[in-house]
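S.K.: Input structure: work.cif, which contains mmCIF, C-alpha atoms.
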```cif
data_start
#
loop_
_atom_site.label_atom_id
_atom_site.label_comp_id
_atom_site.auth_asym_id
_atom_site.auth_seq_id
_atom_site.Cartn_x
_atom_site.Cartn_y
_atom_site.Cartn_z
CA ARG A 21 117.56 102.73 125.62
CA LEU A 22 115.92 99.75 127.28
CA PRO A 23 118.04 97.72 129.69
CA GLU A 24 120.55 95.50 127.89
CA THR A 25 119.13 92.37 129.54
CA TRP A 26 115.86 92.97 127.67
CA CYS A 27 117.53 92.92 124.27
CA GLY A 28 119.89 89.98 124.36
CA GLY A 29 122.87 92.04 125.48
CA GLY A 30 122.21 95.12 123.37
CA GLY A 31 120.15 98.17 124.22
CA LEU A 32 117.11 99.08 122.14
CA PRO A 33 117.24 102.62 120.70
CA ALA A 34 114.47 105.00 121.68
CA ALA A 35 113.76 105.62 117.99
CA ALA A 36 112.93 101.92 117.53
CA ILE A 37 110.55 102.01 120.48
CA ALA A 38 108.85 105.15 119.18
CA GLY A 39 108.60 103.67 115.68
CA ALA A 40 107.06 100.45 116.97
CA ALA A 41 104.55 102.41 119.06
CA CYS A 42 103.58 104.56 116.07
CA GLY A 43 103.21 101.46 113.89
CA VAL A 44 100.93 99.70 116.39
CA ALA A 45 98.87 102.86 116.85
CA ALA A 46 98.49 103.34 113.08
CA ALA A 47 97.47 99.70 112.54
CA ALA A 48 94.94 99.88 115.37
CA ALA A 49 93.49 103.15 114.06
CA TRP A 50 93.15 101.75 110.54
CA TYR A 51 91.55 98.54 111.82
CA ALA A 52 89.04 100.53 113.86
CA ASP A 53 88.17 102.93 111.04
CA ARG A 54 88.90 101.87 107.45
CA GLY A 55 87.91 105.37 106.30
CA LEU A 56 91.21 106.81 107.57
CA TRP A 57 92.81 106.76 104.13
CA TRP A 58 95.75 108.90 105.24
CA VAL A 59 96.65 106.32 107.89
CA GLN A 60 96.60 103.59 105.24
CA ASP A 61 98.78 105.75 102.98
CA ALA A 62 101.25 106.36 105.81
CA MET A 63 101.55 102.62 106.41
CA GLY A 64 101.93 101.95 102.69
CA VAL A 65 104.63 104.57 102.23
CA SER A 66 106.49 103.16 105.24
CA VAL A 67 106.40 99.65 103.79
CA CYS A 68 107.66 100.91 100.42
CA ALA A 69 110.49 102.89 102.03
CA LEU A 70 111.56 99.90 104.14
CA PHE A 71 111.49 97.60 101.11
CA LEU A 72 113.57 99.93 98.94
CA ALA A 73 116.06 100.47 101.75
CA SER A 74 116.49 96.71 102.23
CA VAL A 75 116.41 95.24 98.70
CA ARG A 76 118.70 96.43 95.92
CA LEU A 77 119.29 95.27 92.37
CA PRO A 78 122.87 94.65 91.20
CA SER A 79 122.53 95.60 87.54
CA LEU A 80 120.26 96.86 84.78
CA ARG A 81 120.16 93.31 83.41
CA VAL A 82 118.48 92.02 86.57
CA ALA A 83 116.22 95.09 86.69
CA THR A 84 115.11 94.52 83.08
CA ALA A 85 114.27 90.89 83.77
CA LEU A 86 112.33 91.76 86.93
CA LEU A 87 110.37 94.64 85.42
CA THR A 88 109.57 92.64 82.27
CA LEU A 89 108.19 89.75 84.31
CA ALA A 90 106.21 92.19 86.47
CA PHE A 91 104.90 93.84 83.29
CA VAL A 92 103.61 90.49 81.95
CA TYR A 93 102.24 89.52 85.37
CA ASP A 94 100.32 92.79 85.74
CA VAL A 95 98.85 92.68 82.25
CA PHE A 96 97.87 89.01 82.59
CA PHE A 97 96.03 89.38 85.90
CA VAL A 98 94.20 92.56 84.89
CA PHE A 99 93.28 91.86 81.25
CA VAL A 100 93.47 88.06 80.79
CA THR A 101 91.99 86.69 84.02
CA PRO A 102 88.55 88.27 83.30
CA LEU A 103 88.39 86.04 80.23
CA ILE A 104 89.11 83.01 82.40
CA PHE A 105 87.01 83.78 85.47
CA GLY A 106 83.88 85.17 83.88
CA GLY A 107 84.66 88.86 83.65
CA GLU A 108 86.26 89.34 87.07
CA SER A 109 89.85 90.57 87.26
CA VAL A 110 91.83 88.73 89.91
CA MET A 111 94.19 91.67 90.41
CA ILE A 112 91.42 94.20 90.94
CA LYS A 113 89.51 91.78 93.19
CA VAL A 114 92.52 91.21 95.45
CA ALA A 115 93.34 94.93 95.56
CA THR A 116 89.83 96.16 96.36
CA GLY A 117 88.78 93.27 98.61
CA ASP A 118 85.34 91.77 99.14
CA ALA A 119 82.32 93.82 98.16
CA PRO A 120 79.78 94.90 100.83
CA GLU A 121 77.33 92.20 101.86
CA ARG A 122 74.23 94.45 101.92
CA ASP A 123 72.52 95.82 98.82
CA PRO A 124 73.51 99.29 97.47
CA GLU A 125 70.21 100.97 98.41
CA TYR A 126 70.52 99.91 102.03
CA CYS A 127 74.17 101.00 102.17
CA GLU A 128 73.23 104.38 100.73
CA LYS A 129 70.97 104.95 103.75
CA TYR A 130 73.22 103.29 106.34
CA PRO A 131 76.82 103.59 105.12
CA ASP A 132 78.22 102.90 108.61
CA ASP A 133 76.54 99.50 108.87
CA SER A 134 79.07 96.65 109.18
CA GLY A 135 77.51 94.88 106.19
CA CYS A 136 78.16 97.93 104.01
CA LYS A 137 81.90 98.00 104.53
CA SER A 138 84.23 96.28 102.11
CA GLN A 139 86.90 93.98 103.52
CA GLU A 140 90.19 95.01 101.94
CA LEU A 141 93.85 94.80 102.90
CA PRO A 142 96.02 97.92 103.16
CA MET A 143 97.79 97.16 99.89
CA LEU A 144 96.90 100.41 98.14
CA LEU A 145 97.71 104.10 98.28
CA LEU A 146 94.46 106.08 98.28
CA VAL A 147 93.64 109.65 97.25
CA PRO A 148 90.01 110.80 97.73
CA ARG A 149 88.22 112.07 94.63
CA TYR A 150 87.26 115.45 96.03
CA TRP A 151 86.44 116.65 92.52
CA ASP A 152 83.91 113.83 91.91
CA TYR A 153 80.44 114.25 93.39
CA LEU A 154 80.15 110.46 93.55
CA GLY A 155 83.19 110.28 95.81
CA GLY A 156 85.49 107.28 95.84
CA TYR A 157 89.28 107.05 95.64
CA GLU A 158 92.09 107.02 93.15
CA VAL A 159 94.19 103.96 93.96
CA LEU A 160 97.75 102.83 93.32
CA GLY A 161 99.07 99.41 94.32
CA LEU A 162 102.20 99.20 96.44
CA GLY A 163 103.75 96.94 93.82
CA ASP A 164 103.46 99.77 91.30
CA VAL A 165 105.69 101.79 93.62
CA VAL A 166 108.32 99.35 94.87
CA ILE A 167 109.05 97.51 91.62
CA PRO A 168 109.84 100.65 89.58
CA GLY A 169 111.39 102.02 92.77
CA LEU A 170 114.07 99.34 92.56
CA LEU A 171 115.06 100.76 89.18
CA VAL A 172 115.04 104.29 90.60
CA THR A 173 117.38 103.32 93.44
CA LEU A 174 119.65 101.45 91.01
CA ALA A 175 119.93 104.59 88.87
CA LEU A 176 120.63 106.75 91.91
CA ARG A 177 123.39 104.44 93.15
CA HIS A 178 124.93 104.46 89.69
CA ASP A 179 124.98 108.25 89.66
CA LEU A 180 126.63 108.34 93.08
CA SER A 181 129.20 105.70 92.13
CA THR A 182 130.28 107.72 89.07
CA GLY A 183 130.35 111.05 90.87
CA ARG A 184 127.48 112.44 88.79
CA LYS A 185 125.14 114.94 90.38
CA TRP A 186 121.78 113.21 90.76
CA TRP A 187 119.75 116.41 90.38
CA GLY A 188 121.12 117.25 86.93
CA CYS A 189 121.04 115.27 83.69
CA SER A 190 121.40 111.94 85.47
CA SER A 191 120.03 108.43 85.24
CA PHE A 192 118.08 109.07 88.44
CA CYS A 193 116.24 112.05 86.94
CA VAL A 194 115.60 110.16 83.70
CA VAL A 195 113.95 107.25 85.53
CA LEU A 196 112.07 109.51 87.94
CA VAL A 197 110.60 111.61 85.11
CA GLY A 198 109.79 108.44 83.20
CA TYR A 199 107.92 107.08 86.22
CA ALA A 200 105.87 110.27 86.48
CA VAL A 201 105.05 110.14 82.74
CA GLY A 202 104.07 106.45 82.91
CA LEU A 203 101.85 107.03 85.91
CA ALA A 204 100.19 110.00 84.19
CA CYS A 205 99.54 107.82 81.11
CA ALA A 206 97.94 105.16 83.31
CA ASP A 207 95.66 107.77 84.89
CA MET A 208 94.69 109.07 81.45
CA ALA A 209 93.90 105.54 80.28
CA VAL A 210 91.63 105.00 83.30
CA ALA A 211 89.87 108.31 82.65
CA LEU A 212 89.36 107.54 78.96
CA THR A 213 88.30 103.90 79.27
CA GLY A 214 86.64 103.86 82.67
CA VAL A 215 88.40 100.55 83.34
CA GLY A 216 91.14 99.82 85.86
CA GLN A 217 94.55 99.68 84.21
CA PRO A 218 97.74 97.77 85.06
CA ALA A 219 100.03 100.68 85.93
CA LEU A 220 103.17 98.72 85.05
CA LEU A 221 101.93 98.50 81.46
CA TYR A 222 102.80 102.18 81.17
CA ILE A 223 105.47 102.62 83.84
CA VAL A 224 107.87 99.87 82.71
CA PRO A 225 108.38 101.15 79.12
CA ALA A 226 108.45 104.75 80.35
CA THR A 227 111.35 104.00 82.71
CA LEU A 228 113.42 101.23 81.12
CA LEU A 229 113.60 102.61 77.56
CA PRO A 230 114.63 106.19 78.47
CA LEU A 231 117.24 104.85 80.90
CA ALA A 232 118.73 102.56 78.24
CA LEU A 233 118.83 105.40 75.68
CA TRP A 234 120.40 107.76 78.20
CA ALA A 235 123.02 105.20 79.23
CA ARG A 236 123.90 104.51 75.58
CA ARG A 237 124.34 108.23 74.90
CA GLU A 238 126.53 108.60 77.99
CA GLY A 239 128.59 105.54 77.06
CA CYS A 240 127.84 103.66 80.27
CA LEU A 241 125.22 101.18 79.04
CA GLN A 242 127.58 98.19 79.24
CA GLU A 243 128.67 99.10 82.75
CA LEU A 244 125.12 99.69 83.96
CA TRP A 245 123.85 96.56 82.23
CA LYS A 246 126.42 94.25 83.82
CA GLY A 247 126.83 96.13 87.07
CA GLU A 248 130.59 96.11 86.54
CA ARG A 249 131.40 98.98 88.87
CA ALA A 250 132.69 97.53 92.10
CA PRO A 251 130.05 97.63 94.82
CA GLY A 252 131.06 99.86 97.68
CA ALA A 253 133.19 102.17 95.54
CA VAL A 254 131.73 105.64 95.32
CA GLN A 255 133.90 108.37 93.87
CA ALA A 256 134.33 111.42 96.02
CA ALA A 257 136.27 114.61 95.52
CA PRO A 258 139.75 114.01 94.01
CA ALA A 259 142.42 113.38 96.62
CA GLU A 260 146.05 114.32 96.37
CA GLY A 261 147.62 113.18 93.13
CA GLY A 262 144.45 113.68 91.12
CA ARG A 263 142.98 110.22 91.78
CA PRO A 264 139.42 110.13 93.14
CA ALA A 265 139.08 108.85 96.66
CA GLU A 266 136.77 105.91 97.31
CA ILE A 267 134.15 105.81 100.00
CA GLU A 268 132.83 102.59 101.42
CA GLN A 269 129.17 101.90 100.64
CA GLN A 270 126.80 99.03 101.26
CA PRO A 271 126.68 96.20 98.69
CA LEU A 272 124.46 96.71 95.67
CA LEU A 273 122.29 93.73 96.60
CA SER A 274 121.23 93.16 100.16
CA GLY A 275 118.57 91.06 101.76
CA ALA A 276 115.64 92.37 103.78
#
```
Here is a file; write its structure as structure tokens.
M.R.:
Amino acid sequence: RLPETWCGGGGLPAAAIAGAACGVAAAAAWYADRGLWWVQDAMGVSVCALFLASVRLPSLRVATALLTLAFVYDVFFVFVTPLIFGGESVMIKVATGDAPERDPEYCEKYPDDSGCKSQELPMLLLVPRYWDYLGGYEVLGLGDVVIPGLLVTLALRHDLSTGRKWWGCSSFCVVLVGYAVGLACADMAVALTGVGQPALLYIVPATLLPLALWARREGCLQELWKGERAPGAVQAAPAEGGRPAEIEQQPLLSGA
């Protein structure tokens, strides 16, 4: 720990110091070389994990409203804005950044020239297209991870609060499989159309609908919809007398 006088009366854990040092080093490395896609991915995954650990939804009702609005937002900015701004999608423009200043033929000869580098923000997860002779990357916006991720964490907390095993037939598994299916559908749509797709167009229906059907079959739709289970009450192994013990947990909705 650092001396207490440095931290307003409280010591600073060594893990926090190491984390801050790694974060600064990663940001500096990415700034120096934008081709380090794995560094950008590491920063993106860290941001997503921090967000999901800090922000929680209280009920399926709130989750449905949020994901529906995100669904409309994503579709509007990918498919509608090109009709307004002369064929250019605002969402894709923001995600991919400014195009290189030099012409393509020059950049083909001198790819390391400063005028041949696009100016983008680290708002995407990147996977190189090793199978494509033209190169490039498969991209996924951080919003396409954290917004469905809020539903995933809600489902997981519900499973834990009811004593259900999350790795079996649970709401967590239903949403997680739905996310994978929705993401696969988005990738297929990109491959078939050759046009960037709003991932939430496929992910939102593939996660919300299966979760609602599962909850209705299990008889817990009303509870999940209203978030009626008391926050902080997680059922553990039955105590003496046959009544389940309760374990304190953080509130369902917390600020960053």
S.K.: How many Å lie between CA of Leu72 in chain A and CA of Leu86 in chain A, rounded to one decimal?
M.R.: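 So the answer is 14.6 Å.
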S.K.: Selection in question (the file shown): the PyMOL selection byres ((chain A and resi 91) around 12). Which residues does it include, as a PyMOL selection string?
M.R.: chain A and resi 83-90+92-99+163-164+167-168+217-226+228
S.K.: Calculated over only C-alpha atoms, which of the candidates A:Met208, A:Ala200, A:Gly169, A:Leu244 has the smallest distance to Ala69 in chain A?
M.R.: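 Selected residue with least distance to Ala69 in chain A: A:Gly169.
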S.K.: Take CA of Gly247 in chain A and CA of Leu77 in chain A and report the distance between them in Å, one decimal.
M.R.: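 Those two atoms sit 9.3 Å apart.
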S.K.: Could you work out how far CA of Leu160 in chain A lies from CA of Leu196 in chain A, giving the answer in Å with one decimal?
M.R.: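 Rounded to one decimal, the two atoms are 16.7 Å apart.
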S.K.: Might you pull out every residue within 8 Å of range 172-181 of chain A, with all atoms listed in the file counted and same-chain residues fewer than 3 positions away left off, and present them as a PyMOL selection string?
M.R.: chain A and resi 72+76-80+168-169+184-186+190-192+195-196+244+249+253-255
